$ cat my_file-v7.tsv   # TSV, C-alpha atoms
chain	number	residue	atom	x	y	z
A	70	MET	CA	-5.72	-5.85	-30.53
A	71	ALA	CA	-8.27	-3.25	-31.55
A	72	ASP	CA	-7.20	0.21	-32.64
A	73	PHE	CA	-6.72	2.48	-29.62
A	74	ASP	CA	-7.47	5.55	-31.75
A	75	GLU	CA	-11.21	5.19	-31.16
A	76	LEU	CA	-10.51	5.62	-27.44
A	77	ARG	CA	-9.35	9.14	-28.26
A	78	GLY	CA	-12.89	10.02	-29.30
A	79	GLN	CA	-15.10	12.49	-27.46
A	80	GLU	CA	-17.35	9.70	-26.15
A	81	TRP	CA	-14.43	8.23	-24.17
A	82	ARG	CA	-12.66	11.41	-23.12
A	83	ARG	CA	-14.49	12.28	-19.88
A	84	LEU	CA	-14.65	8.69	-18.68
A	85	LEU	CA	-10.93	8.05	-19.13
A	86	ALA	CA	-10.06	11.44	-17.63
A	87	ALA	CA	-12.14	10.54	-14.56
A	88	ALA	CA	-10.36	7.18	-14.39
A	89	ARG	CA	-6.97	8.95	-14.43
A	90	ARG	CA	-8.04	11.20	-11.56
A	91	ARG	CA	-9.33	8.22	-9.61
A	92	LEU	CA	-6.03	6.37	-10.02
A	93	ASP	CA	-4.24	9.46	-8.68
A	94	LYS	CA	-6.42	9.27	-5.55
A	95	THR	CA	-5.99	5.54	-5.04
A	96	GLY	CA	-2.24	5.56	-5.60
A	97	GLY	CA	-2.57	3.58	-8.81
A	98	GLU	CA	-4.95	0.91	-7.54
A	99	VAL	CA	-7.85	-0.11	-9.77
A	100	THR	CA	-10.46	0.38	-7.05
A	101	GLY	CA	-13.46	2.61	-6.49
A	102	SER	CA	-15.80	4.15	-9.04
A	103	VAL	CA	-16.21	7.16	-11.28
A	104	ALA	CA	-19.39	8.98	-12.27
A	105	LEU	CA	-20.35	11.08	-15.30
A	106	ALA	CA	-22.86	13.86	-14.83
A	107	SER	CA	-25.37	14.35	-17.65
A	108	PRO	CA	-23.68	12.03	-20.16
A	109	SER	CA	-24.28	12.52	-23.86
A	110	ASP	CA	-25.97	9.83	-25.92
A	111	GLU	CA	-22.57	8.77	-27.26
A	112	GLU	CA	-21.16	8.53	-23.75
A	113	LEU	CA	-24.18	6.50	-22.64
A	114	ARG	CA	-23.58	4.02	-25.43
A	115	VAL	CA	-19.99	3.57	-24.25
A	116	LEU	CA	-21.09	3.24	-20.64
A	117	GLY	CA	-23.75	0.75	-21.63
A	118	ARG	CA	-21.05	-1.51	-23.03
A	119	ILE	CA	-19.35	-1.45	-19.63
A	120	THR	CA	-22.32	-1.79	-17.28
A	121	PRO	CA	-26.06	-2.19	-17.93
A	122	ARG	CA	-26.80	0.22	-15.08
A	123	ALA	CA	-25.74	3.18	-17.21
A	124	ALA	CA	-28.80	3.09	-19.47
A	125	VAL	CA	-31.21	3.98	-16.65
A	126	ASN	CA	-29.17	6.58	-14.79
A	127	ARG	CA	-28.48	10.18	-15.74
A	128	ARG	CA	-25.40	10.14	-13.50
A	129	PRO	CA	-24.10	6.64	-14.17
A	130	VAL	CA	-21.44	5.20	-11.92
A	131	VAL	CA	-18.85	2.77	-13.25
A	132	SER	CA	-16.31	0.95	-11.13
A	133	LEU	CA	-12.71	1.01	-12.28
A	134	ALA	CA	-12.74	-2.78	-12.11
A	135	GLU	CA	-15.66	-2.86	-14.58
A	136	LEU	CA	-13.89	-0.40	-16.86
A	137	ASP	CA	-10.67	-2.41	-16.69
A	138	ALA	CA	-12.50	-5.64	-17.55
A	139	ALA	CA	-14.39	-4.02	-20.44
A	140	LEU	CA	-11.17	-2.61	-21.93
A	141	ARG	CA	-9.47	-5.99	-21.69
A	142	ALA	CA	-12.37	-7.69	-23.44
A	143	ALA	CA	-12.69	-5.11	-26.23
A	144	TYR	CA	-9.10	-3.95	-26.75
A	145	GLY	CA	-6.92	-6.68	-25.29
A	146	ALA	CA	-5.39	-4.33	-22.73
A	147	GLY	CA	-6.37	-3.19	-19.26
A	148	LEU	CA	-6.83	0.32	-17.90
A	149	TYR	CA	-3.13	0.90	-17.11
A	150	LYS	CA	-1.95	-0.05	-20.58
A	151	VAL	CA	-4.74	1.85	-22.35
A	152	LEU	CA	-4.03	5.08	-20.48
A	153	ALA	CA	-0.29	4.69	-20.94
A	154	ARG	CA	-0.77	4.09	-24.67
A	155	LEU	CA	-3.01	7.15	-25.01
A	156	ASP	CA	-0.61	9.30	-22.97
A	157	ARG	CA	2.52	7.89	-24.63
A	158	PRO	CA	5.12	10.60	-25.20
A	159	GLY	CA	6.01	10.82	-28.87
A	160	ARG	CA	9.52	9.91	-30.01
A	161	PRO	CA	11.29	13.28	-30.00
A	162	ALA	CA	13.15	14.44	-33.06
A	163	ASP	CA	15.85	16.23	-31.07
A	164	VAL	CA	17.09	16.91	-27.54
A	165	ARG	CA	14.96	20.03	-27.19
A	166	ALA	CA	11.77	18.08	-27.90
A	167	ALA	CA	12.82	15.37	-25.43
A	168	LEU	CA	13.39	17.94	-22.68
A	169	GLU	CA	10.09	19.67	-23.44
A	170	ALA	CA	8.27	16.34	-23.03
A	171	ALA	CA	9.91	15.83	-19.64
A	172	MET	CA	9.00	19.38	-18.55
A	173	ARG	CA	5.31	18.46	-18.62
A	174	CYS	CA	5.87	16.79	-15.24
A	175	ARG	CA	4.14	18.45	-12.28
A	176	HIS	CA	7.54	18.79	-10.56
A	177	ALA	CA	9.01	20.72	-13.49
A	178	ASN	CA	9.44	23.96	-11.55
A	179	GLU	CA	11.21	22.37	-8.59
A	180	GLY	CA	14.95	22.82	-8.22
A	181	TRP	CA	15.85	19.15	-8.05
A	182	PHE	CA	13.92	18.47	-11.27
A	183	THR	CA	15.60	21.22	-13.27
A	184	GLY	CA	18.92	20.07	-11.81
A	185	TRP	CA	18.18	16.55	-13.00
A	186	LEU	CA	17.41	17.63	-16.57
A	187	GLY	CA	20.39	19.98	-16.54
A	188	GLY	CA	22.69	17.15	-15.53
A	189	LEU	CA	21.32	14.88	-18.26
A	190	THR	CA	22.00	17.63	-20.77
A	191	ARG	CA	25.50	18.53	-19.58
A	192	ASP	CA	26.85	14.99	-19.48
A	193	GLY	CA	25.39	14.11	-22.89
A	194	THR	CA	22.85	11.54	-21.62
A	195	ALA	CA	19.90	13.30	-23.25
A	196	ARG	CA	21.73	13.56	-26.57
A	197	ARG	CA	22.75	9.90	-26.55
A	198	LEU	CA	19.19	8.79	-25.77
A	199	VAL	CA	17.81	10.77	-28.69
A	200	GLN	CA	20.51	9.57	-31.08
A	201	ARG	CA	19.78	5.91	-30.38
A	202	GLY	CA	16.01	6.40	-30.64
A	203	ASP	CA	15.26	6.32	-26.88
A	204	GLY	CA	14.58	10.01	-26.36
A	205	ASP	CA	11.03	9.19	-25.23
A	206	LEU	CA	12.52	7.72	-22.03
A	207	LEU	CA	12.79	11.26	-20.65
A	208	GLY	CA	9.04	11.64	-21.02
A	209	TRP	CA	8.45	8.23	-19.44
A	210	ALA	CA	10.75	9.10	-16.53
A	211	ALA	CA	8.76	12.30	-16.00
A	212	ALA	CA	5.54	10.24	-16.01
A	213	VAL	CA	6.95	8.05	-13.23
A	214	LEU	CA	8.09	11.06	-11.20
A	215	ASP	CA	4.65	12.59	-11.72
A	216	ARG	CA	3.24	9.81	-9.53
A	217	LEU	CA	5.72	10.32	-6.70
A	218	PRO	CA	5.92	10.55	-3.76
A	219	ALA	CA	3.64	7.57	-3.26
A	220	ARG	CA	2.37	5.62	-0.27
A	221	ASP	CA	3.60	2.04	-0.26
A	222	VAL	CA	3.13	1.50	-4.00
A	223	PRO	CA	4.84	-1.69	-5.25
A	224	LEU	CA	7.43	-1.00	-7.94
A	225	PRO	CA	5.71	-3.14	-10.61
A	226	LEU	CA	2.41	-1.34	-10.00
A	227	LEU	CA	4.11	2.06	-10.31
A	228	ALA	CA	5.74	0.96	-13.56
A	229	GLU	CA	2.48	-0.31	-15.04
A	230	TRP	CA	0.55	2.73	-13.84
A	231	ALA	CA	3.02	5.15	-15.41
A	232	THR	CA	4.03	3.26	-18.55
A	233	GLY	CA	1.65	0.35	-19.07
A	234	ASP	CA	4.54	-2.10	-18.60
A	235	ALA	CA	4.98	-3.69	-15.15
A	236	THR	CA	8.65	-4.48	-15.92
A	237	ALA	CA	9.62	-1.02	-17.15
A	238	LEU	CA	11.46	-0.14	-13.91
A	239	SER	CA	13.17	-3.49	-13.44
A	240	GLY	CA	16.83	-3.08	-14.29
A	241	ARG	CA	16.17	-1.02	-17.40
A	242	PRO	CA	17.51	2.39	-18.55
A	243	LEU	CA	14.28	4.03	-17.41
A	244	ALA	CA	14.92	2.94	-13.82
A	245	GLY	CA	18.37	4.54	-13.96
A	246	LEU	CA	16.93	7.86	-15.11
A	247	VAL	CA	14.31	7.87	-12.35
A	248	MET	CA	16.86	6.81	-9.71
A	249	ARG	CA	19.11	9.68	-10.74
A	250	ALA	CA	16.21	12.11	-10.24
A	251	LEU	CA	15.20	10.64	-6.89
A	252	VAL	CA	18.73	11.00	-5.51
A	253	LEU	CA	18.62	14.73	-6.27
A	254	TRP	CA	15.09	15.03	-4.90
A	255	GLN	CA	16.03	13.36	-1.62
A	256	GLY	CA	19.49	14.91	-1.32
A	257	ALA	CA	20.82	11.38	-0.93
A	258	PRO	CA	24.17	9.93	-2.00
A	259	PRO	CA	24.12	7.89	-5.22
A	260	PRO	CA	23.12	4.30	-4.44
A	261	VAL	CA	25.80	1.63	-4.34
A	262	GLY	CA	24.18	-1.76	-4.75
A	263	ARG	CA	20.64	-3.07	-4.60
A	264	ALA	CA	20.10	-2.32	-0.90
A	265	ASP	CA	20.81	1.38	-1.46
A	266	GLU	CA	18.48	1.47	-4.46
A	267	HIS	CA	15.71	-0.11	-2.38
A	268	ARG	CA	16.27	2.58	0.25
A	269	VAL	CA	15.87	5.36	-2.34
A	270	TRP	CA	12.68	3.77	-3.67
A	271	SER	CA	11.40	3.32	-0.13
A	272	ASP	CA	12.00	6.99	0.71
A	273	ALA	CA	9.85	7.85	-2.32
A	274	GLY	CA	7.04	5.63	-0.98
A	275	VAL	CA	7.75	2.78	-3.38
A	276	LEU	CA	8.14	-0.85	-2.36
A	277	ALA	CA	10.89	-2.34	-4.47
A	278	ASP	CA	9.83	-5.84	-3.41
A	279	ASP	CA	6.17	-6.39	-2.50
A	280	LEU	CA	6.85	-10.03	-1.62
A	281	THR	CA	9.05	-9.22	1.37
A	282	SER	CA	6.37	-7.11	3.07
A	283	GLN	CA	4.29	-9.64	5.00
A	284	VAL	CA	1.86	-9.95	7.86
A	285	LEU	CA	1.40	-13.01	10.10
A	286	VAL	CA	-2.21	-13.94	10.94
A	287	LEU	CA	-4.14	-16.66	12.73
A	288	ASP	CA	-7.77	-17.63	12.14
A	289	LEU	CA	-8.41	-14.56	10.02
A	290	ARG	CA	-11.03	-14.95	7.30
A	291	ALA	CA	-11.92	-12.72	4.36
A	292	ARG	CA	-15.31	-11.49	3.17
A	293	GLU	CA	-14.28	-11.96	-0.47
A	294	GLU	CA	-14.27	-15.12	-2.55
A	295	HIS	CA	-10.95	-15.55	-4.33
A	296	ALA	CA	-7.83	-17.68	-4.07
A	297	VAL	CA	-6.23	-15.77	-1.19
A	298	ALA	CA	-9.51	-15.80	0.73
A	299	GLY	CA	-9.67	-19.55	0.18
A	300	TRP	CA	-6.17	-20.02	1.61
A	301	LEU	CA	-7.11	-17.98	4.66
A	302	GLU	CA	-10.28	-20.03	5.12
A	303	ASP	CA	-8.37	-23.33	4.89
A	304	ALA	CA	-5.74	-22.14	7.39
A	305	ALA	CA	-8.37	-20.82	9.81
A	306	ALA	CA	-10.36	-24.06	9.65
A	307	VAL	CA	-7.44	-25.95	11.19
A	308	GLY	CA	-5.96	-23.12	13.27
A	309	VAL	CA	-2.71	-22.83	11.30
A	310	PRO	CA	-0.81	-19.49	11.15
A	311	PHE	CA	-0.64	-17.94	7.69
A	312	ARG	CA	1.58	-15.27	6.14
A	313	LEU	CA	0.02	-12.79	3.76
A	314	THR	CA	2.28	-10.85	1.41
A	315	LEU	CA	1.61	-7.34	0.19
A	316	GLN	CA	1.65	-8.72	-3.35
A	317	GLN	CA	-1.22	-11.06	-2.47
A	318	LEU	CA	-3.18	-8.24	-0.83
A	319	MET	CA	-2.64	-6.04	-3.89
A	320	THR	CA	-3.68	-8.79	-6.30
A	321	ALA	CA	-6.61	-10.05	-4.24
A	322	PRO	CA	-7.74	-7.42	-1.71
A	323	VAL	CA	-8.88	-8.85	1.61
A	324	THR	CA	-11.62	-7.40	3.82
A	325	PRO	CA	-11.16	-9.10	7.20
A	326	ALA	CA	-14.26	-10.72	8.65
A	327	GLY	CA	-15.06	-10.67	12.36
A	328	GLN	CA	-16.45	-8.17	14.83
A	329	GLN	CA	-13.16	-8.10	16.72
A	330	ILE	CA	-9.60	-8.41	15.42
A	331	PHE	CA	-6.83	-8.75	17.99
A	332	VAL	CA	-3.33	-7.47	17.28
A	333	CYS	CA	-0.22	-8.55	19.16
A	334	GLU	CA	3.46	-7.75	18.77
A	335	SER	CA	5.20	-11.03	19.51
A	336	PRO	CA	5.03	-14.21	17.39
A	337	VAL	CA	5.30	-16.04	20.73
A	338	VAL	CA	1.74	-14.98	21.51
A	339	LEU	CA	0.42	-16.05	18.12
A	340	ARG	CA	2.24	-19.38	18.28
A	341	ALA	CA	0.83	-20.09	21.74
A	342	ALA	CA	-2.66	-19.21	20.52
A	343	ALA	CA	-2.28	-21.59	17.59
A	344	ALA	CA	-1.05	-24.39	19.88
A	345	GLU	CA	-3.66	-23.97	22.63
A	346	LEU	CA	-6.71	-22.58	20.83
A	347	GLY	CA	-6.20	-23.61	17.21
A	348	ALA	CA	-9.34	-23.00	15.18
A	349	ASP	CA	-11.10	-21.68	18.31
A	350	CYS	CA	-8.96	-18.52	18.36
A	351	ALA	CA	-10.43	-15.13	17.53
A	352	PRO	CA	-8.88	-13.42	14.48
A	353	LEU	CA	-5.33	-12.50	15.46
A	354	VAL	CA	-2.75	-10.38	13.62
A	355	CYS	CA	0.92	-10.19	14.64
A	356	THR	CA	3.00	-7.11	13.80
A	357	GLU	CA	6.28	-8.78	14.80
A	358	GLY	CA	7.33	-5.45	16.27
A	359	ARG	CA	6.95	-3.42	13.09
A	360	LEU	CA	3.96	-2.15	11.16
A	361	SER	CA	4.68	-3.51	7.69
A	362	ALA	CA	2.96	-2.18	4.58
A	363	ALA	CA	1.14	-5.52	4.33
A	364	CYS	CA	-0.12	-5.25	7.91
A	365	ASP	CA	-1.23	-1.67	7.40
A	366	ARG	CA	-3.08	-2.57	4.22
A	367	LEU	CA	-4.86	-5.46	5.92
A	368	LEU	CA	-5.98	-3.48	8.97
A	369	SER	CA	-6.94	-0.42	6.92
A	370	ALA	CA	-9.41	-2.67	5.07
A	371	ALA	CA	-11.23	-3.59	8.30
A	372	PRO	CA	-13.30	-0.48	9.17
A	373	GLY	CA	-16.24	-2.62	10.27
A	374	SER	CA	-14.20	-4.53	12.85
A	375	ARG	CA	-13.15	-3.43	16.31
A	376	ILE	CA	-9.36	-3.66	16.47
A	377	ARG	CA	-7.90	-4.61	19.86
A	378	TRP	CA	-4.22	-3.66	19.91
A	379	ARG	CA	-1.32	-4.36	22.21
A	380	ASN	CA	2.49	-4.23	22.35
A	381	ASP	CA	5.26	-4.83	24.82
A	382	PHE	CA	5.34	-2.49	27.79
A	383	ASP	CA	8.24	-0.32	26.65
A	384	TRP	CA	8.35	3.15	25.18
A	385	PRO	CA	8.44	2.02	21.51
A	386	GLY	CA	5.53	-0.35	22.24
A	387	LEU	CA	3.46	2.43	23.79
A	388	ARG	CA	4.25	4.64	20.82
A	389	MET	CA	2.98	1.98	18.41
A	390	THR	CA	-0.18	1.47	20.46
A	391	ALA	CA	-0.89	5.20	20.54
A	392	ALA	CA	-0.38	5.40	16.77
A	393	ALA	CA	-2.79	2.49	16.25
A	394	THR	CA	-5.51	4.24	18.25
A	395	GLU	CA	-5.21	7.14	15.82
A	396	ARG	CA	-4.69	5.23	12.58
A	397	TYR	CA	-7.24	2.44	13.03
A	398	ALA	CA	-9.37	3.73	15.93
A	399	ALA	CA	-7.97	0.72	17.79
A	400	SER	CA	-8.73	-0.01	21.43
A	401	PRO	CA	-5.73	-0.89	23.64
A	402	TRP	CA	-5.87	-4.54	24.70
A	403	ARG	CA	-4.64	-5.24	28.23
A	404	MET	CA	-2.44	-2.17	28.06
A	405	ALA	CA	-3.47	-0.57	31.38
A	406	SER	CA	-1.40	0.13	34.50
A	407	GLU	CA	-2.68	-2.97	36.30
A	408	ASP	CA	-1.77	-5.14	33.29
A	409	TYR	CA	1.75	-3.75	33.35
A	410	LEU	CA	2.13	-4.49	37.06
A	411	ASP	CA	0.73	-8.00	36.55
A	412	ALA	CA	3.32	-8.60	33.84
A	413	LEU	CA	6.15	-7.47	36.12
A	414	GLU	CA	5.08	-10.06	38.70
A	415	THR	CA	5.61	-12.77	36.07
A	416	GLY	CA	8.89	-11.64	34.49
A	417	THR	CA	12.04	-9.99	35.74
A	418	GLY	CA	11.75	-6.93	33.53
A	419	ASP	CA	14.36	-5.36	31.28
A	420	PRO	CA	15.66	-1.82	31.88
A	421	LEU	CA	13.22	0.76	30.51
A	422	GLU	CA	15.18	2.77	27.97
A	423	GLY	CA	14.39	5.52	25.49
A	424	THR	CA	12.21	8.61	25.51
A	425	ARG	CA	9.08	8.59	27.62
A	426	VAL	CA	5.76	8.86	25.79
A	427	THR	CA	2.24	9.65	26.89
A	428	THR	CA	-0.56	7.08	27.18
A	429	PRO	CA	-3.87	8.87	26.50
A	430	TRP	CA	-5.92	5.70	27.07
A	431	ASP	CA	-4.48	5.36	30.62
A	432	ALA	CA	-2.58	8.40	31.84
A	433	GLY	CA	-1.28	6.45	34.83
A	434	LEU	CA	0.45	3.81	32.72
A	435	ALA	CA	3.33	6.01	31.58
A	436	THR	CA	3.73	7.34	35.12
A	437	THR	CA	3.81	3.83	36.60
A	438	MET	CA	6.33	2.61	34.03
A	439	ALA	CA	8.58	5.63	34.62
A	440	ARG	CA	8.47	4.89	38.34
A	441	GLU	CA	9.23	1.19	37.96
A	442	ARG	CA	11.89	1.76	35.27
A	443	ARG	CA	11.31	-1.71	33.85
A	444	ALA	CA	9.97	-2.96	30.53
A	445	ALA	CA	7.63	-5.95	30.35
A	446	ARG	CA	7.08	-8.32	27.47
A	447	GLU	CA	3.56	-9.10	26.36
A	448	GLU	CA	4.05	-12.87	26.62
A	449	TRP	CA	4.28	-12.47	30.40
A	450	LEU	CA	0.51	-11.96	30.26
A	451	LEU	CA	0.00	-15.02	28.11
A	452	PRO	CA	-2.70	-16.81	30.21
A	453	ALA	CA	-4.87	-13.68	30.24
A	454	LEU	CA	-4.28	-13.02	26.54
A	455	LEU	CA	-5.23	-16.56	25.59
A	456	ALA	CA	-8.40	-16.30	27.65
A	457	ASP	CA	-9.35	-13.16	25.75
A	458	LEU	CA	-8.57	-14.82	22.42
A	459	ARG	CA	-10.85	-17.79	22.92
A	460	ARG	CA	-13.51	-17.45	20.25
A	461	ASP	CA	-16.40	-17.92	22.70
A	462	ALA	CA	-14.98	-15.38	25.21
A	463	PRO	CA	-17.29	-12.42	26.00
A	464	GLU	CA	-16.59	-9.44	23.76
A	465	MET	CA	-14.38	-6.92	25.51
$ encode --input "my_file-v7.tsv" --output "structure tokens"
Amino acid sequence: MADFDELRGQEWRRLLAAARRRLDKTGGEVTGSVALASPSDEELRVLGRITPRAAVNRRPVVSLAELDAALRAAYGAGLYKVLARLDRPGRPADVRAALEAAMRCRHANEGWFTGWLGGLTRDGTARRLVQRGDGDLLGWAAAVLDRLPARDVPLPLLAEWATGDATALSGRPLAGLVMRALVLWQGAPPPVGRADEHRVWSDAGVLADDLTSQVLVLDLRAREEHAVAGWLEDAAAVGVPFRLTLQQLMTAPVTPAGQQIFVCESPVVLRAAAAELGADCAPLVCTEGRLSAACDRLLSAAPGSRIRWRNDFDWPGLRMTAAATERYAASPWRMASEDYLDALETGTGDPLEGTRVTTPWDAGLATTMARERRAAREEWLLPALLADLRRDAPEM
């Protein structure tokens, strides 16, 4: 591996600082680009090694993916590891130096943070860490906390982003230090067992397991060309449902293809579409009653597609539909008053329970449901839904 010291030079400083800021905006994802205004000749030489476009532009733009690839080729380490190495807290000589390193965190003036450091000092944890040569863990813990709260960041990505090591928060002393801080931050009881720890991470916006967050799709294709896109293409070609994990979407981002993407709540609808329409079904996404991080990531990457959204006719379902119209500019799909009444003619209807919500896309829907006092499942409209989902059906 090449010497990282040359990356501390003036010619690299602005570029890497811009990359740090970009990672803060993307939540640690190596996406997007950075630009340098009026670069010096030395900076242009560095940029020219990353992208040939830099030589002919006085405000060159470099994608983080290009920068990451160039660092791997030249230094044997990607952007996360390079930045972590350059920002590495030094090994403190005493407890005071260890605490000072931790106090560089942006949360340093908050009560929970000072309470955390005070507790580590009073119970002797800080002293023991320094004595055994692990005093730099306080600085690393502060670097992790610096990046929280997050928004659905997988735990390995957070660890690599903060420390350069994707396993740094997996059952190691560092994870215990951060967990202790998060409990104080959240005012939560100390975790007992893995489930409690996952809850604490989740409340901080961290996904402790990015493989369990999934989204079920049918006949959805990607605009990219990579392994995950190939799996989607193969499944769509034969009309087979496919589960995407958040880990896959993080590793190989997917931009859904298609002018329209339909979203349903029940797997019953998706299964029926696979059985009856197969490869002739329009792109269909199933929330399975809950907007997972994987589902949100997939739909957030489809700004060029019109999203047609539906749920069961109950108050939680209407709430999810209303949220989708805001979050994804989605259009309700067969979620009008007449659709509700049609569904009631097919099924018996369950008692309508919970708090009433408004339906801005059809003000009469909430009124009609409150009058009828019955919930209706979306599969009761299955013939109409399947007709809409046929690939050659007129666009709605």
$ atom_distance --input "my_file-v7.tsv" --atom1 "atom CA of Gly147 of chain A" --atom2 "atom CA of Asp234 of chain A"
11.0 Å
$ closest_residue --input "my_file-v7.tsv" --among "A:Arg91, A:Trp185, A:Ala444, A:Ala398" --to "Gly418 of chain A" --atoms "all atoms listed in the file"
A:Ala444
$ atom_distance --input "my_file-v7.tsv" --atom1 "atom CA of Cys355 of chain A" --atom2 "atom CA of Cys333 of chain A"
4.9 Å
$ residues_around --input "my_file-v7.tsv" --residues "Thr100 of chain A" --least-positions-apart "6" --cutoff "9 Å" --atoms "all atoms listed in the file" --output "PDB file with C-alpha atoms, keeping the file's coordinate frame"
ATOM      1  CA  ARG A  91      -9.330   8.220  -9.610  1.00  0.00           C
ATOM      2  CA  LEU A  92      -6.030   6.370 -10.020  1.00  0.00           C
ATOM      3  CA  SER A 132     -16.310   0.950 -11.130  1.00  0.00           C
ATOM      4  CA  LEU A 133     -12.710   1.010 -12.280  1.00  0.00           C
ATOM      5  CA  ALA A 134     -12.740  -2.780 -12.110  1.00  0.00           C
TER       6      ALA A 134
END
$ closest_residue --input "my_file-v7.tsv" --among "A:Ser102, A:Thr324, A:Thr281, A:Asn178" --to "Gly373 of chain A" --atoms "all atoms listed in the file"
A:Thr324
$ closest_atom_pairs --input "my_file-v7.tsv" --of "segment 187-284 of chain A" --to "segment 366-369 of chain A" --cutoff "12 Å" --atoms "only C-alpha atoms" --output "tab-separated table"
residue	atom	partner	partner_atom	distance
A:Arg220	CA	A:Arg366	CA	10.8
A:Asp221	CA	A:Arg366	CA	9.3
A:Val222	CA	A:Arg366	CA	11.1
A:Ser282	CA	A:Arg366	CA	10.5
A:Gln283	CA	A:Leu367	CA	10.1
A:Val284	CA	A:Leu367	CA	8.3
$ closest_residue --input "my_file-v7.tsv" --among "A:Ser361, A:Met248, A:Gly299, A:Arg459" --to "Ala343 of chain A" --atoms "all atoms listed in the file"
A:Arg459
$ residues_around --input "my_file-v7.tsv" --residues "Ala439 of chain A" --least-positions-apart "6" --cutoff "12 Å" --atoms "only C-alpha atoms" --output "count of residues only"
16
$ residues_around --input "my_file-v7.tsv" --residues "segment 453-457 of chain A" --least-positions-apart "2" --cutoff "10 Å" --atoms "only C-alpha atoms" --output "PyMOL selection string"
chain A and resi 331+333+338-339+341-343+345-346+350-351+402-403+408+447-451+459-465
$ atom_distance --input "my_file-v7.tsv" --atom1 "atom CA of Val323 of chain A" --atom2 "atom CA of Leu227 of chain A"
20.7 Å
$ residues_around --input "my_file-v7.tsv" --residues "segment 188-196 of chain A" --least-positions-apart "4" --cutoff "12 Å" --atoms "all atoms listed in the file" --output "PyMOL selection string"
chain A and resi 161-169+171+181-184+200-208+242+245-247+249-250+253
$ write_last_selection --input "my_file-v7.tsv" --atoms "C-alpha atoms" --output "PDB file, in the frame of the given file"
ATOM      1  CA  PRO A 161      11.290  13.280 -30.000  1.00  0.00           C
ATOM      2  CA  ALA A 162      13.150  14.440 -33.060  1.00  0.00           C
ATOM      3  CA  ASP A 163      15.850  16.230 -31.070  1.00  0.00           C
ATOM      4  CA  VAL A 164      17.090  16.910 -27.540  1.00  0.00           C
ATOM      5  CA  ARG A 165      14.960  20.030 -27.190  1.00  0.00           C
ATOM      6  CA  ALA A 166      11.770  18.080 -27.900  1.00  0.00           C
ATOM      7  CA  ALA A 167      12.820  15.370 -25.430  1.00  0.00           C
ATOM      8  CA  LEU A 168      13.390  17.940 -22.680  1.00  0.00           C
ATOM      9  CA  GLU A 169      10.090  19.670 -23.440  1.00  0.00           C
ATOM     10  CA  ALA A 171       9.910  15.830 -19.640  1.00  0.00           C
ATOM     11  CA  TRP A 181      15.850  19.150  -8.050  1.00  0.00           C
ATOM     12  CA  PHE A 182      13.920  18.470 -11.270  1.00  0.00           C
ATOM     13  CA  THR A 183      15.600  21.220 -13.270  1.00  0.00           C
ATOM     14  CA  GLY A 184      18.920  20.070 -11.810  1.00  0.00           C
ATOM     15  CA  GLN A 200      20.510   9.570 -31.080  1.00  0.00           C
ATOM     16  CA  ARG A 201      19.780   5.910 -30.380  1.00  0.00           C
ATOM     17  CA  GLY A 202      16.010   6.400 -30.640  1.00  0.00           C
ATOM     18  CA  ASP A 203      15.260   6.320 -26.880  1.00  0.00           C
ATOM     19  CA  GLY A 204      14.580  10.010 -26.360  1.00  0.00           C
ATOM     20  CA  ASP A 205      11.030   9.190 -25.230  1.00  0.00           C
ATOM     21  CA  LEU A 206      12.520   7.720 -22.030  1.00  0.00           C
ATOM     22  CA  LEU A 207      12.790  11.260 -20.650  1.00  0.00           C
ATOM     23  CA  GLY A 208       9.040  11.640 -21.020  1.00  0.00           C
ATOM     24  CA  PRO A 242      17.510   2.390 -18.550  1.00  0.00           C
ATOM     25  CA  GLY A 245      18.370   4.540 -13.960  1.00  0.00           C
ATOM     26  CA  LEU A 246      16.930   7.860 -15.110  1.00  0.00           C
ATOM     27  CA  VAL A 247      14.310   7.870 -12.350  1.00  0.00           C
ATOM     28  CA  ARG A 249      19.110   9.680 -10.740  1.00  0.00           C
ATOM     29  CA  ALA A 250      16.210  12.110 -10.240  1.00  0.00           C
ATOM     30  CA  LEU A 253      18.620  14.730  -6.270  1.00  0.00           C
TER      31      LEU A 253
END
